[in-house]
$ cat query-v3.txt   # compact mmCIF, C-alpha atoms
# COMPACT_ATOMS: atom_id res chain seq x y z
CA MET P 439 24.38 0.81 6.48
CA PRO P 440 22.30 4.00 6.36
CA ALA P 441 23.00 6.24 3.36
CA PHE P 442 23.74 9.85 4.38
CA GLN P 443 23.83 12.82 2.01
CA ASN P 444 24.70 16.35 3.15
CA ASN P 445 24.34 15.40 6.83
CA TRP P 446 20.91 13.79 6.38
CA LEU P 447 19.80 10.22 5.78
CA VAL P 448 18.14 9.47 2.46
CA PRO P 449 16.00 6.30 2.71
CA GLU P 450 16.99 3.44 0.45
CA TRP P 451 13.68 1.81 -0.42
CA PRO P 452 11.82 1.12 -3.68
CA ALA P 453 9.60 4.15 -3.29
CA PRO P 454 6.95 4.60 -5.99
CA GLN P 455 7.61 7.24 -8.62
CA GLY P 456 7.01 10.68 -7.19
CA VAL P 457 7.39 9.67 -3.53
CA LYS P 458 10.37 11.18 -1.71
CA ALA P 459 11.63 10.89 1.85
CA VAL P 460 14.37 12.12 4.17
CA PHE P 461 15.46 11.70 7.78
CA THR P 462 17.20 14.71 9.30
CA THR P 463 20.13 14.22 11.64
CA ARG P 464 21.57 16.63 14.19
CA GLY P 465 23.71 18.26 11.49
CA GLY P 466 22.94 21.10 9.12
CA GLY P 467 21.06 23.56 11.34
CA VAL P 468 21.61 26.70 13.40
CA SER P 469 20.87 25.69 17.01
CA GLU P 470 23.54 25.85 19.69
CA ALA P 471 24.45 23.35 22.43
CA PRO P 472 22.90 21.15 23.62
CA PHE P 473 20.68 21.29 20.52
CA GLU P 474 23.46 21.55 17.96
CA SER P 475 22.51 21.99 15.32
CA MET P 476 19.40 20.82 13.42
CA ASN P 477 16.90 20.68 16.27
CA LEU P 478 13.31 20.70 15.00
CA GLY P 479 11.52 20.39 18.35
CA ASP P 480 9.80 23.51 19.65
CA HIS P 481 9.06 21.95 23.05
CA VAL P 482 12.55 21.08 24.30
CA GLY P 483 13.88 24.46 25.48
CA ASP P 484 15.68 25.61 22.34
CA GLN P 485 15.32 29.24 21.25
CA PRO P 486 12.11 29.57 19.16
CA ALA P 487 13.85 31.61 16.46
CA ARG P 488 16.42 28.89 15.92
CA VAL P 489 13.79 26.16 15.77
CA ALA P 490 11.86 28.23 13.24
CA ALA P 491 15.02 28.69 11.18
CA ASN P 492 15.73 24.96 11.23
CA ARG P 493 12.16 24.17 10.17
CA ALA P 494 12.51 26.70 7.35
CA LEU P 495 15.72 24.97 6.23
CA LEU P 496 13.87 21.65 6.09
CA ALA P 497 10.94 23.14 4.17
CA LYS P 498 13.34 24.71 1.65
CA ALA P 499 15.23 21.45 1.22
CA ILE P 500 12.15 19.36 0.47
CA GLY P 501 10.18 22.03 -1.34
CA ARG P 502 6.98 21.85 0.68
CA ARG P 503 5.63 22.42 4.18
CA PRO P 504 6.45 19.72 6.74
CA VAL P 505 3.52 19.44 9.17
CA PHE P 506 4.80 19.03 12.74
CA LEU P 507 2.44 17.17 15.05
CA LYS P 508 2.09 17.29 18.82
CA GLN P 509 2.99 13.68 19.52
CA VAL P 510 1.68 12.08 22.71
CA HIS P 511 2.67 8.39 22.35
CA GLY P 512 -0.85 7.54 21.26
CA THR P 513 -2.50 6.02 18.20
CA ASP P 514 -4.50 8.88 16.66
CA VAL P 515 -4.09 9.61 12.95
CA VAL P 516 -4.67 12.94 11.19
CA GLN P 517 -5.31 13.35 7.45
CA LEU P 518 -3.26 16.29 6.24
CA ASP P 519 -4.61 19.04 4.04
CA ALA P 520 -3.68 22.63 3.27
CA ASP P 521 -5.24 23.84 6.52
CA THR P 522 -3.71 21.32 8.93
CA PRO P 523 -1.73 23.40 11.44
CA ASP P 524 1.44 22.48 13.24
CA GLY P 525 0.69 21.18 16.71
CA HIS P 526 -2.26 18.95 15.82
CA VAL P 527 -2.40 16.20 18.48
CA ALA P 528 -1.68 12.89 16.75
CA ASP P 529 1.05 10.29 16.44
CA ALA P 530 0.57 9.52 12.76
CA CYS P 531 -0.42 11.40 9.64
CA ILE P 532 -1.54 10.52 6.15
CA SER P 533 -1.78 12.47 2.90
CA THR P 534 -2.86 12.20 -0.72
CA GLN P 535 -1.69 15.73 -1.57
CA SER P 536 1.66 17.17 -2.61
CA GLU P 537 1.65 20.51 -0.81
CA GLN P 538 2.56 19.10 2.61
CA ALA P 539 5.00 16.50 3.91
CA CYS P 540 4.04 13.89 6.48
CA CYS P 541 6.51 14.49 9.29
CA ILE P 542 7.36 12.66 12.54
CA MET P 543 9.80 13.95 15.16
CA VAL P 544 11.95 11.52 17.14
CA ALA P 545 14.87 11.29 19.54
CA ASP P 546 14.85 7.51 20.31
CA CYS P 547 11.36 6.44 19.22
CA LEU P 548 10.98 4.71 15.87
CA PRO P 549 9.74 6.66 12.84
CA VAL P 550 7.90 4.59 10.24
CA LEU P 551 7.21 5.95 6.75
CA LEU P 552 4.69 4.22 4.50
CA ALA P 553 3.38 4.48 0.96
CA THR P 554 1.00 2.57 -1.25
CA ASP P 555 2.85 0.96 -4.13
CA ASP P 556 1.19 3.30 -6.63
CA GLY P 557 2.36 6.35 -4.65
CA ARG P 558 -1.13 7.78 -4.24
CA VAL P 559 -1.15 7.66 -0.43
CA ILE P 560 1.73 8.35 1.97
CA ALA P 561 1.89 8.22 5.75
CA ALA P 562 4.22 8.55 8.74
CA ALA P 563 3.94 7.11 12.24
CA HIS P 564 5.65 7.77 15.59
CA ALA P 565 6.27 4.37 17.19
CA GLY P 566 7.54 4.52 20.72
CA TRP P 567 6.78 1.36 22.63
CA ARG P 568 3.48 2.68 24.07
CA GLY P 569 2.10 3.75 20.73
CA LEU P 570 3.39 0.62 19.05
CA ALA P 571 1.80 -1.68 21.64
CA GLY P 572 -1.44 0.30 21.79
CA THR P 573 -4.47 -1.29 23.43
CA GLY P 574 -5.77 -4.76 22.71
CA GLY P 575 -3.30 -5.20 19.87
CA VAL P 576 -4.34 -1.99 18.12
CA GLY P 577 -1.43 0.42 18.12
CA VAL P 578 -0.31 3.30 15.97
CA LEU P 579 0.73 1.05 13.07
CA GLU P 580 -2.62 -0.73 13.01
CA SER P 581 -4.36 2.65 13.11
CA ILE P 582 -2.39 4.08 10.21
CA TYR P 583 -2.82 0.88 8.20
CA LYS P 584 -6.59 1.05 8.58
CA GLN P 585 -6.55 4.68 7.44
CA LEU P 586 -4.26 3.91 4.50
CA ILE P 587 -6.56 1.17 3.28
CA ALA P 588 -9.67 3.30 3.71
CA THR P 589 -8.08 6.22 1.86
CA ARG P 590 -6.80 4.17 -1.06
CA GLN P 591 -9.56 1.57 -1.44
CA ASP P 592 -11.81 3.26 -4.03
CA GLY P 593 -13.58 0.00 -4.74
CA ARG P 594 -10.39 -2.07 -4.78
CA ALA P 595 -10.16 -5.23 -2.72
CA GLN P 596 -8.02 -4.75 0.37
CA ALA P 597 -5.69 -7.56 -0.70
CA ALA P 598 -4.92 -5.68 -3.91
CA ILE P 599 -3.51 -2.68 -2.04
CA LYS P 600 0.21 -3.11 -1.46
CA ILE P 601 2.07 -1.00 1.09
CA ILE P 602 5.79 -0.54 1.59
CA ALA P 603 7.46 0.78 4.74
CA TRP P 604 10.75 2.34 5.79
CA MET P 605 11.90 2.46 9.41
CA GLY P 606 14.32 5.15 10.52
CA PRO P 607 16.90 5.30 13.31
CA CYS P 608 15.77 4.64 16.89
CA ILE P 609 17.12 3.38 20.18
CA GLY P 610 18.80 0.08 19.38
CA PRO P 611 18.36 -3.43 20.80
CA ASP P 612 21.54 -3.09 22.87
CA ALA P 613 20.38 0.14 24.54
CA PHE P 614 16.61 -0.06 25.04
CA GLU P 615 16.20 -1.22 28.64
CA VAL P 616 12.58 -1.87 29.65
CA GLY P 617 10.58 -3.46 32.42
CA PRO P 618 8.55 -6.69 32.30
CA GLU P 619 5.34 -4.72 31.66
CA VAL P 620 6.65 -3.75 28.23
CA LYS P 621 7.42 -7.36 27.34
CA LEU P 622 3.97 -8.40 28.51
CA ALA P 623 2.26 -5.68 26.45
CA PHE P 624 3.67 -7.19 23.26
CA GLU P 625 3.75 -10.92 23.93
CA SER P 626 0.16 -10.94 25.21
CA VAL P 627 -0.88 -10.01 21.66
CA GLN P 628 1.85 -11.82 19.71
CA PRO P 629 3.56 -14.60 21.72
CA GLU P 630 6.42 -14.62 19.21
CA ALA P 631 7.33 -11.11 20.38
CA ALA P 632 8.96 -12.69 23.45
CA ALA P 633 11.98 -13.57 21.29
CA LEU P 634 12.64 -9.84 20.78
CA PHE P 635 13.38 -9.29 24.48
CA THR P 636 16.65 -10.28 26.15
CA ARG P 637 16.80 -10.55 29.92
CA ILE P 638 19.53 -8.41 31.49
CA ALA P 639 21.52 -10.49 33.97
CA GLY P 640 21.40 -9.07 37.49
CA ALA P 641 19.02 -6.25 36.54
CA ASP P 642 15.99 -7.31 38.61
CA GLY P 643 13.65 -8.35 35.83
CA LYS P 644 14.77 -5.82 33.23
CA PHE P 645 15.02 -6.62 29.53
CA LEU P 646 16.60 -5.21 26.38
CA ALA P 647 13.91 -4.70 23.74
CA ASN P 648 14.29 -4.78 19.97
CA LEU P 649 12.01 -1.90 18.95
CA PRO P 650 12.48 -2.18 15.15
CA GLY P 651 11.99 -5.93 15.41
CA LEU P 652 8.72 -5.44 17.29
CA ALA P 653 7.54 -2.97 14.64
CA CYS P 654 8.39 -5.44 11.87
CA LEU P 655 6.38 -8.11 13.65
CA ARG P 656 3.34 -5.82 13.78
CA LEU P 657 3.74 -4.80 10.13
CA GLU P 658 4.07 -8.41 9.00
CA ALA P 659 0.88 -9.34 10.86
CA MET P 660 -0.93 -6.81 8.66
CA GLY P 661 0.63 -8.22 5.50
CA ILE P 662 3.25 -5.48 5.11
CA THR P 663 6.37 -7.48 4.38
CA ALA P 664 8.22 -4.98 2.18
CA VAL P 665 9.99 -3.26 5.07
CA TYR P 666 13.26 -1.38 4.61
CA GLY P 667 15.68 0.68 6.65
CA ASN P 668 16.45 0.02 10.31
CA ASP P 669 17.51 -3.59 10.83
CA GLY P 670 18.49 -3.16 14.47
CA SER P 671 22.22 -2.98 13.75
CA PRO P 672 24.43 -0.49 15.64
CA ALA P 673 24.60 2.06 12.79
CA TRP P 674 20.87 2.76 13.26
CA CYS P 675 21.00 3.27 17.03
CA THR P 676 20.31 6.82 18.18
CA VAL P 677 21.92 6.22 21.57
CA GLY P 678 25.17 4.85 20.17
CA ASN P 679 25.81 7.48 17.50
CA ALA P 680 26.05 10.75 19.41
CA SER P 681 27.68 12.76 16.62
CA ARG P 682 24.86 11.96 14.22
CA PHE P 683 21.65 11.52 16.24
CA PHE P 684 19.83 13.15 19.13
CA SER P 685 18.86 10.68 21.87
CA HIS P 686 16.57 11.50 24.76
CA ARG P 687 17.72 8.53 26.81
CA ARG P 688 21.40 9.32 26.27
CA ASP P 689 21.36 13.12 26.47
CA ALA P 690 18.59 13.87 28.96
CA GLY P 691 19.51 11.26 31.55
CA PRO P 692 21.67 11.69 34.66
CA SER P 693 24.84 10.88 32.70
CA GLY P 694 23.82 12.98 29.69
CA ASN P 695 24.62 16.51 28.63
CA GLY P 696 23.73 18.10 31.96
CA MET P 697 20.82 20.05 30.45
CA GLY P 698 18.15 17.38 30.93
CA THR P 699 17.00 17.70 27.35
CA THR P 700 17.93 17.04 23.74
CA GLY P 701 16.87 18.02 20.23
CA ARG P 702 14.49 16.33 17.82
CA MET P 703 15.05 14.92 14.34
CA ALA P 704 12.37 14.38 11.72
CA ALA P 705 11.39 11.67 9.25
CA CYS P 706 9.50 13.15 6.30
CA VAL P 707 7.73 11.64 3.30
CA TRP P 708 6.00 13.61 0.54
CA ARG P 709 4.54 13.39 -2.94
CA GLU P 710 5.94 15.38 -5.81

$ encode --input "query-v3.txt" --output "structure tokens"
Amino acid sequence: MPAFQNNWLVPEWPAPQGVKAVFTTRGGGVSEAPFESMNLGDHVGDQPARVAANRALLAKAIGRRPVFLKQVHGTDVVQLDADTPDGHVADACISTQSEQACCIMVADCLPVLLATDDGRVIAAAHAGWRGLAGTGGVGVLESIYKQLIATRQDGRAQAAIKIIAWMGPCIGPDAFEVGPEVKLAFESVQPEAAALFTRIAGADGKFLANLPGLACLRLEAMGITAVYGNDGSPAWCTVGNASRFFSHRRDAGPSGNGMGTTGRMAACVWRE
């Protein structure tokens, strides 16, 4: 079960000394319906002053500046420094510094936090199915892994660099309905991915997809086997836990909140 403290989820993973992380929930902020209350997205229709206040609450809580990306379901990675502005177009970020926090916003997509086992390099990735699948087997996780290795190598053999990962809440395997093109995008690269799709009876070729399972499969293929957090169980599902999580598919759909939108949560990792 996820471990929540003061409304937010604190990752349970063997993080290296000096590496901290948090996943915000919809609680603890100042936004009003339908964004109540800790909405961090500045692109969803919430009042800018309230979004700014929520982001300031997060910065105060973690003691450094969270860098908010403009995520486009792609595979680009940005290396954070003191001058990296909010709104940089990328779906993953990496850092060796302590002044900023790597930050990913989600409302159904899977956030993945990573760190080298010595704590010298941290990273965060936004893994919706498009970014996770990528092109030709190179998705956002492969892109961030390549950057992690390049940043940490310093003459070390690649095999000597160990990476751990934590996966946050996302749309669960019982809620993520997809078409056959999604299944094909994964199983064409890894045939074993087919086992992570369940055909929906009477739904004209639709499947239920296990997004955290697909991410684990990709991570394992790169040798990252120390993976913690989201195991695909109901407690981690953004759709099924409305009081705790924002969910685009639940809230913005025709049977949602009637506003056609929802807030955004954030997964953050930083170095002390």

$ residues_near_point --input "query-v3.txt" --point "(-1.3, -5.7, 1.2)" --cutoff "10 Å" --atoms "all atoms listed in the file" --output "PDB file with C-alpha atoms, in the frame of the given file"
ATOM      1  CA  THR P 554       1.000   2.570  -1.250  1.00  0.00           C
ATOM      2  CA  ASP P 555       2.850   0.960  -4.130  1.00  0.00           C
ATOM      3  CA  TYR P 583      -2.820   0.880   8.200  1.00  0.00           C
ATOM      4  CA  ILE P 587      -6.560   1.170   3.280  1.00  0.00           C
ATOM      5  CA  ALA P 595     -10.160  -5.230  -2.720  1.00  0.00           C
ATOM      6  CA  GLN P 596      -8.020  -4.750   0.370  1.00  0.00           C
ATOM      7  CA  ALA P 597      -5.690  -7.560  -0.700  1.00  0.00           C
ATOM      8  CA  ALA P 598      -4.920  -5.680  -3.910  1.00  0.00           C
ATOM      9  CA  ILE P 599      -3.510  -2.680  -2.040  1.00  0.00           C
ATOM     10  CA  LYS P 600       0.210  -3.110  -1.460  1.00  0.00           C
ATOM     11  CA  ILE P 601       2.070  -1.000   1.090  1.00  0.00           C
ATOM     12  CA  ILE P 602       5.790  -0.540   1.590  1.00  0.00           C
ATOM     13  CA  GLU P 658       4.070  -8.410   9.000  1.00  0.00           C
ATOM     14  CA  MET P 660      -0.930  -6.810   8.660  1.00  0.00           C
ATOM     15  CA  GLY P 661       0.630  -8.220   5.500  1.00  0.00           C
ATOM     16  CA  ILE P 662       3.250  -5.480   5.110  1.00  0.00           C
ATOM     17  CA  THR P 663       6.370  -7.480   4.380  1.00  0.00           C
ATOM     18  CA  ALA P 664       8.220  -4.980   2.180  1.00  0.00           C
TER      19      ALA P 664
END

$ residues_around --input "query-v3.txt" --residues "Pro549 of chain P" --least-positions-apart "5" --cutoff "10 Å" --atoms "only C-alpha atoms" --output "PyMOL selection string"
chain P and resi 461+530+541-544+562-566+604-608+650+668+703-706

$ axis_aligned_box --input "query-v3.txt" --around "segment 446-449 of chain P" --padding-each-side "5 Å" --output "AutoDock Vina command-line options"
--center_x 18.5 --center_y 10.0 --center_z 4.4 --size_x 14.9 --size_y 17.5 --size_z 13.9

$ residues_near_point --input "query-v3.txt" --point "(26.7, -5.6, 21.8)" --cutoff "10 Å" --atoms "all atoms listed in the file" --output "list in words"
Pro611, Asp612, Ala613, Ser671 and Pro672 of chain P

$ residues_around --input "query-v3.txt" --residues "Gly643 of chain P" --least-positions-apart "3" --cutoff "8 Å" --atoms "only C-alpha atoms" --output "PDB file with C-alpha atoms, in the frame of the given file"
ATOM      1  CA  GLY P 617      10.580  -3.460  32.420  1.00  0.00           C
ATOM      2  CA  PRO P 618       8.550  -6.690  32.300  1.00  0.00           C
ATOM      3  CA  ARG P 637      16.800 -10.550  29.920  1.00  0.00           C
ATOM      4  CA  ILE P 638      19.530  -8.410  31.490  1.00  0.00           C
ATOM      5  CA  GLY P 640      21.400  -9.070  37.490  1.00  0.00           C
TER       6      GLY P 640
END

$ residues_around --input "query-v3.txt" --residues "segment 508-511 of chain P" --least-positions-apart "3" --cutoff "8 Å" --atoms "only C-alpha atoms" --output "PyMOL selection string"
chain P and resi 524-529+564-566+568-569

$ residues_around --input "query-v3.txt" --residues "segment 470-476 of chain P" --least-positions-apart "3" --cutoff "7 Å" --atoms "all atoms listed in the file" --output "list in words"
Thr463, Arg464, Gly465, Gly466, Gly467, Asp484, Asn492, Thr700 and Gly701 of chain P

$ closest_residue --input "query-v3.txt" --among "P:Val707, P:Phe635, P:Ala673, P:Thr699" --to "Gly479 of chain P" --atoms "all atoms listed in the file"
P:Thr699

$ residues_around --input "query-v3.txt" --residues "Ala497 of chain P" --least-positions-apart "5" --cutoff "12 Å" --atoms "all atoms listed in the file" --output "list in words"
Val460, Thr462, Leu478, Ala490, Ala491, Asn492, Arg502, Arg503, Pro504, Val505, Phe506, Glu537, Gln538, Ala539, Cys540, Cys541, Ala704, Cys706, Val707 and Trp708 of chain P
